[in-house]
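Written below as structure tokens is the structure these notes are about.
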Amino acid sequence: MADPSSEKKSTTRQYHPYQGHLDIPIQSLYNLPTSPEYLFHEEAAAQRRSWGENLQYYTGCGYLSGAVMGAAKGSLEGLSAAEPGDTLKLRLNRVLNSGGQTGRRFGNSLGVVGLIFAGLESGMMQLRGTDDLLNSVLAGLGTGALYRAAAGPRSAAIAGAIGGLAAGAAVAGKQAVKRYVPIYR
């Protein structure tokens, strides 16, 4: 192998079409901050989403999860409703129609549940002036009761209890995962 110092120096240079024309340091052009940027200092001090962000988050998550579960359930119903003489095109049409109809119904129902829950949780936080587990439990209780209120007081009470227990279990589970699972942080 030849000695690098004995090699002939190159008299050419790499072609750079923008050399001397752009006074922008290209290397630092895309150095973006990693921390969130806020317009107002009050937003930076808050450790929680605003009520509008909560409303969008819970409604969107509820609708999406309901639509996926409903589409799966409807597709299975469509598959089981197939008759022996049906063509592949007819079976596929039945599965898609059933999945779309059930997915839409479940998505809308869970979206409304998320909407009610977000409103009640934000209202409880504003009313009580603190953000803790009790707000979520009360919001879950109120959501279940309001959602099933048209079916009668007994149904509303049972749904409220289930909603409160589900919300409490979800928040307690999230806190346990935060505390004991190191990759969640």
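Chain lettering (A, B, ...) mirrors the order of the structure tokens, residue numbering begins at 1 for each chain separately, and ligand numbering begins at 1 in order of display.
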
Spatial neighbours of Val113 (chain A), 9 Å, only C-alpha atoms, chain gap at least 6 places, as number ranges by chain: A: 58-59, 62-63, 143-144, 147

Backbone DSSP call of alpha helix (DSSP H) for region 38-143 of chain A, listed as a PyMOL selection string: chain A and resi 41-45+51-80+88-128+133-143

Surrounding residues of Ala156 (chain A) excluding itself and chain neighbours under 4 positions, 12 Å, only C-alpha atoms, as a PyMOL selection string: chain A and resi 141-152+160-164

One-decimal distance in Å that lies between CA of Val137 (chain A) and CA of Leu165 (chain A):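 Pair CA of Leu165 (chain A) / CA of Val137 (chain A) returns 6.9 Å.
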
Show me, as a PDB file with N, CA and C atoms, in the first residue's frame, the residues that have an atom within 12 Å of region 76-87 of chain A when counting only C-alpha atoms, minus same-chain residues fewer than 2 positions from it.
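In the end it all went to selection-v7.pdb:
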```pdb
ATOM      1  N   MET A  69     -63.765  -1.195  16.258  1.00  0.00           N
ATOM      2  CA  MET A  69     -64.437  -2.350  16.875  1.00  0.00           C
ATOM      3  C   MET A  69     -65.740  -2.683  16.145  1.00  0.00           C
ATOM      4  N   GLY A  70     -66.499  -1.658  15.783  1.00  0.00           N
ATOM      5  CA  GLY A  70     -67.753  -1.891  15.079  1.00  0.00           C
ATOM      6  C   GLY A  70     -67.538  -2.473  13.698  1.00  0.00           C
ATOM      7  N   ALA A  71     -66.504  -2.009  13.013  1.00  0.00           N
ATOM      8  CA  ALA A  71     -66.220  -2.558  11.678  1.00  0.00           C
ATOM      9  C   ALA A  71     -65.816  -4.026  11.779  1.00  0.00           C
ATOM     10  N   ALA A  72     -65.041  -4.363  12.806  1.00  0.00           N
ATOM     11  CA  ALA A  72     -64.648  -5.766  12.995  1.00  0.00           C
ATOM     12  C   ALA A  72     -65.871  -6.624  13.304  1.00  0.00           C
ATOM     13  N   LYS A  73     -66.728  -6.134  14.208  1.00  0.00           N
ATOM     14  CA  LYS A  73     -67.933  -6.887  14.569  1.00  0.00           C
ATOM     15  C   LYS A  73     -68.874  -7.023  13.368  1.00  0.00           C
ATOM     16  N   GLY A  74     -69.074  -5.934  12.645  1.00  0.00           N
ATOM     17  CA  GLY A  74     -69.948  -5.970  11.476  1.00  0.00           C
ATOM     18  C   GLY A  74     -69.406  -6.856  10.370  1.00  0.00           C
ATOM     19  N   LYS A  89     -68.368 -11.744  -5.053  1.00  0.00           N
ATOM     20  CA  LYS A  89     -68.701 -10.310  -5.104  1.00  0.00           C
ATOM     21  C   LYS A  89     -69.848  -9.980  -4.146  1.00  0.00           C
ATOM     22  N   LEU A  90     -70.847 -10.821  -4.088  1.00  0.00           N
ATOM     23  CA  LEU A  90     -71.980 -10.608  -3.195  1.00  0.00           C
ATOM     24  C   LEU A  90     -71.566 -10.746  -1.732  1.00  0.00           C
ATOM     25  N   ARG A  91     -70.718 -11.724  -1.429  1.00  0.00           N
ATOM     26  CA  ARG A  91     -70.223 -11.895  -0.050  1.00  0.00           C
ATOM     27  C   ARG A  91     -69.396 -10.695   0.385  1.00  0.00           C
ATOM     28  N   LEU A  92     -68.522 -10.233  -0.490  1.00  0.00           N
ATOM     29  CA  LEU A  92     -67.694  -9.074  -0.175  1.00  0.00           C
ATOM     30  C   LEU A  92     -68.554  -7.840   0.058  1.00  0.00           C
ATOM     31  N   ASN A  93     -69.557  -7.655  -0.770  1.00  0.00           N
ATOM     32  CA  ASN A  93     -70.476  -6.530  -0.613  1.00  0.00           C
ATOM     33  C   ASN A  93     -71.201  -6.609   0.726  1.00  0.00           C
ATOM     34  N   ARG A  94     -71.646  -7.799   1.102  1.00  0.00           N
ATOM     35  CA  ARG A  94     -72.343  -7.990   2.376  1.00  0.00           C
ATOM     36  C   ARG A  94     -71.418  -7.660   3.555  1.00  0.00           C
ATOM     37  N   VAL A  95     -70.164  -8.122   3.481  1.00  0.00           N
ATOM     38  CA  VAL A  95     -69.187  -7.864   4.556  1.00  0.00           C
ATOM     39  C   VAL A  95     -68.899  -6.366   4.665  1.00  0.00           C
ATOM     40  N   LEU A  96     -68.663  -5.706   3.542  1.00  0.00           N
ATOM     41  CA  LEU A  96     -68.356  -4.272   3.571  1.00  0.00           C
ATOM     42  C   LEU A  96     -69.540  -3.442   4.064  1.00  0.00           C
ATOM     43  N   ASN A  97     -70.734  -3.760   3.597  1.00  0.00           N
ATOM     44  CA  ASN A  97     -71.912  -3.019   4.053  1.00  0.00           C
ATOM     45  C   ASN A  97     -72.152  -3.203   5.545  1.00  0.00           C
ATOM     46  N   SER A  98     -72.061  -4.441   6.003  1.00  0.00           N
ATOM     47  CA  SER A  98     -72.292  -4.716   7.417  1.00  0.00           C
ATOM     48  C   SER A  98     -71.217  -4.072   8.287  1.00  0.00           C
ATOM     49  N   GLY A  99     -69.959  -4.168   7.856  1.00  0.00           N
ATOM     50  CA  GLY A  99     -68.865  -3.563   8.614  1.00  0.00           C
ATOM     51  C   GLY A  99     -68.970  -2.055   8.658  1.00  0.00           C
ATOM     52  N   GLY A 100     -69.326  -1.436   7.550  1.00  0.00           N
ATOM     53  CA  GLY A 100     -69.471   0.017   7.515  1.00  0.00           C
ATOM     54  C   GLY A 100     -70.621   0.512   8.364  1.00  0.00           C
ATOM     55  N   GLN A 101     -71.743  -0.185   8.305  1.00  0.00           N
ATOM     56  CA  GLN A 101     -72.916   0.235   9.075  1.00  0.00           C
ATOM     57  C   GLN A 101     -72.669   0.089  10.578  1.00  0.00           C
ATOM     58  N   THR A 102     -72.150  -1.049  10.998  1.00  0.00           N
ATOM     59  CA  THR A 102     -71.911  -1.269  12.426  1.00  0.00           C
ATOM     60  C   THR A 102     -70.776  -0.383  12.931  1.00  0.00           C
ATOM     61  N   GLY A 103     -69.727  -0.208  12.122  1.00  0.00           N
ATOM     62  CA  GLY A 103     -68.619   0.664  12.515  1.00  0.00           C
ATOM     63  C   GLY A 103     -69.052   2.099  12.703  1.00  0.00           C
TER      64      GLY A 103
END
```

Separation of CA of Ala157 (chain A) from CA of Gly173 (chain A), in Å and rounded to one decimal: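 Answer for the CA of Ala157 (chain A) to CA of Gly173 (chain A) separation: 23.9 Å.
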
Best match for closeness to Leu55 (chain A) among A:Ser109, A:Tyr38, A:Arg104, A:Gly123, counting only C-alpha atoms: A:Gly123

Surrounding residues of Ala118 (chain A) excluding itself and chain neighbours under 6 positions, 10 Å, only C-alpha atoms, as a ChimeraX atom specification: /A:51-59,112,124,136,139-140,143

Since we have the selection now, will you write its residues out, keeping all heavy atoms, as a short mmCIF file (atom, residue, chain, number, x, y, z; two decimals), in the first residue's frame?
```cif
data_model
loop_
_atom_site.label_atom_id
_atom_site.label_comp_id
_atom_site.auth_asym_id
_atom_site.auth_seq_id
_atom_site.Cartn_x
_atom_site.Cartn_y
_atom_site.Cartn_z
N TRP A 51 -59.18 22.35 27.74
CA TRP A 51 -60.47 21.67 27.60
C TRP A 51 -60.77 21.38 26.14
O TRP A 51 -61.36 20.36 25.80
CB TRP A 51 -61.59 22.47 28.26
CG TRP A 51 -61.94 23.73 27.53
CD1 TRP A 51 -61.41 24.96 27.69
CD2 TRP A 51 -62.92 23.86 26.48
NE1 TRP A 51 -61.96 25.85 26.82
CE2 TRP A 51 -62.91 25.20 26.07
CE3 TRP A 51 -63.79 22.97 25.87
CZ2 TRP A 51 -63.72 25.68 25.06
CZ3 TRP A 51 -64.61 23.45 24.87
CH2 TRP A 51 -64.56 24.79 24.48
N GLY A 52 -60.36 22.27 25.23
CA GLY A 52 -60.59 22.03 23.81
C GLY A 52 -59.77 20.87 23.28
O GLY A 52 -60.23 20.06 22.48
N GLU A 53 -58.52 20.78 23.74
CA GLU A 53 -57.68 19.65 23.33
C GLU A 53 -58.22 18.35 23.90
O GLU A 53 -58.22 17.32 23.22
CB GLU A 53 -56.24 19.87 23.80
CG GLU A 53 -55.54 21.00 23.09
CD GLU A 53 -54.23 21.39 23.72
OE1 GLU A 53 -54.02 21.09 24.92
OE2 GLU A 53 -53.41 21.99 23.03
N ASN A 54 -58.69 18.39 25.15
CA ASN A 54 -59.30 17.20 25.76
C ASN A 54 -60.54 16.78 24.99
O ASN A 54 -60.77 15.59 24.76
CB ASN A 54 -59.70 17.49 27.21
CG ASN A 54 -58.74 16.90 28.18
OD1 ASN A 54 -57.81 16.20 27.81
ND2 ASN A 54 -58.96 17.18 29.44
N LEU A 55 -61.34 17.75 24.60
CA LEU A 55 -62.57 17.47 23.86
C LEU A 55 -62.25 16.76 22.54
O LEU A 55 -62.86 15.74 22.22
CB LEU A 55 -63.32 18.78 23.60
CG LEU A 55 -64.72 18.69 23.08
CD1 LEU A 55 -65.64 18.20 24.18
CD2 LEU A 55 -65.17 20.06 22.60
N GLN A 56 -61.29 17.27 21.82
CA GLN A 56 -60.90 16.64 20.56
C GLN A 56 -60.28 15.27 20.79
O GLN A 56 -60.53 14.33 20.04
CB GLN A 56 -59.93 17.53 19.80
CG GLN A 56 -60.57 18.77 19.25
CD GLN A 56 -59.57 19.63 18.50
OE1 GLN A 56 -58.37 19.51 18.67
NE2 GLN A 56 -60.09 20.51 17.67
N TYR A 57 -59.44 15.17 21.81
CA TYR A 57 -58.75 13.91 22.06
C TYR A 57 -59.72 12.79 22.43
O TYR A 57 -59.71 11.72 21.83
CB TYR A 57 -57.72 14.11 23.18
CG TYR A 57 -57.00 12.87 23.57
CD1 TYR A 57 -56.01 12.33 22.77
CD2 TYR A 57 -57.31 12.21 24.76
CE1 TYR A 57 -55.34 11.18 23.12
CE2 TYR A 57 -56.65 11.06 25.12
CZ TYR A 57 -55.66 10.55 24.30
OH TYR A 57 -55.01 9.40 24.65
N TYR A 58 -60.57 13.04 23.42
CA TYR A 58 -61.49 11.99 23.86
C TYR A 58 -62.54 11.65 22.81
O TYR A 58 -62.90 10.49 22.62
CB TYR A 58 -62.18 12.38 25.17
CG TYR A 58 -61.27 12.32 26.37
CD1 TYR A 58 -61.16 13.39 27.25
CD2 TYR A 58 -60.53 11.19 26.65
CE1 TYR A 58 -60.33 13.34 28.35
CE2 TYR A 58 -59.70 11.12 27.75
CZ TYR A 58 -59.60 12.19 28.60
OH TYR A 58 -58.78 12.14 29.68
N THR A 59 -63.05 12.66 22.12
CA THR A 59 -64.04 12.41 21.08
C THR A 59 -63.41 11.63 19.93
O THR A 59 -63.98 10.66 19.43
CB THR A 59 -64.65 13.72 20.57
OG1 THR A 59 -65.17 14.45 21.68
CG2 THR A 59 -65.74 13.47 19.56
N VAL A 112 -69.71 10.14 21.11
CA VAL A 112 -70.58 10.92 21.99
C VAL A 112 -70.20 10.69 23.46
O VAL A 112 -70.17 11.63 24.26
CB VAL A 112 -72.07 10.57 21.74
CG1 VAL A 112 -72.96 11.11 22.83
CG2 VAL A 112 -72.50 11.12 20.40
N MET A 124 -65.54 19.53 35.89
CA MET A 124 -65.20 19.16 37.28
C MET A 124 -63.87 19.77 37.68
O MET A 124 -63.70 20.22 38.81
CB MET A 124 -65.15 17.64 37.43
CG MET A 124 -66.49 16.95 37.28
SD MET A 124 -67.75 17.58 38.39
CE MET A 124 -67.07 17.15 39.96
N SER A 136 -61.92 12.46 37.22
CA SER A 136 -62.16 11.44 36.19
C SER A 136 -63.26 10.47 36.62
O SER A 136 -64.10 10.07 35.81
CB SER A 136 -60.88 10.68 35.89
OG SER A 136 -59.92 11.55 35.35
N ALA A 139 -66.53 12.29 36.38
CA ALA A 139 -66.87 12.48 34.96
C ALA A 139 -67.35 11.17 34.35
O ALA A 139 -68.30 11.15 33.57
CB ALA A 139 -65.68 13.03 34.20
N GLY A 140 -66.71 10.06 34.70
CA GLY A 140 -67.16 8.75 34.20
C GLY A 140 -68.54 8.40 34.72
O GLY A 140 -69.39 7.88 33.99
N THR A 143 -70.98 10.61 32.90
CA THR A 143 -71.09 10.22 31.49
C THR A 143 -72.00 9.01 31.33
O THR A 143 -72.89 9.00 30.48
CB THR A 143 -69.70 9.92 30.91
OG1 THR A 143 -68.91 11.10 31.00
CG2 THR A 143 -69.79 9.48 29.47
#
```
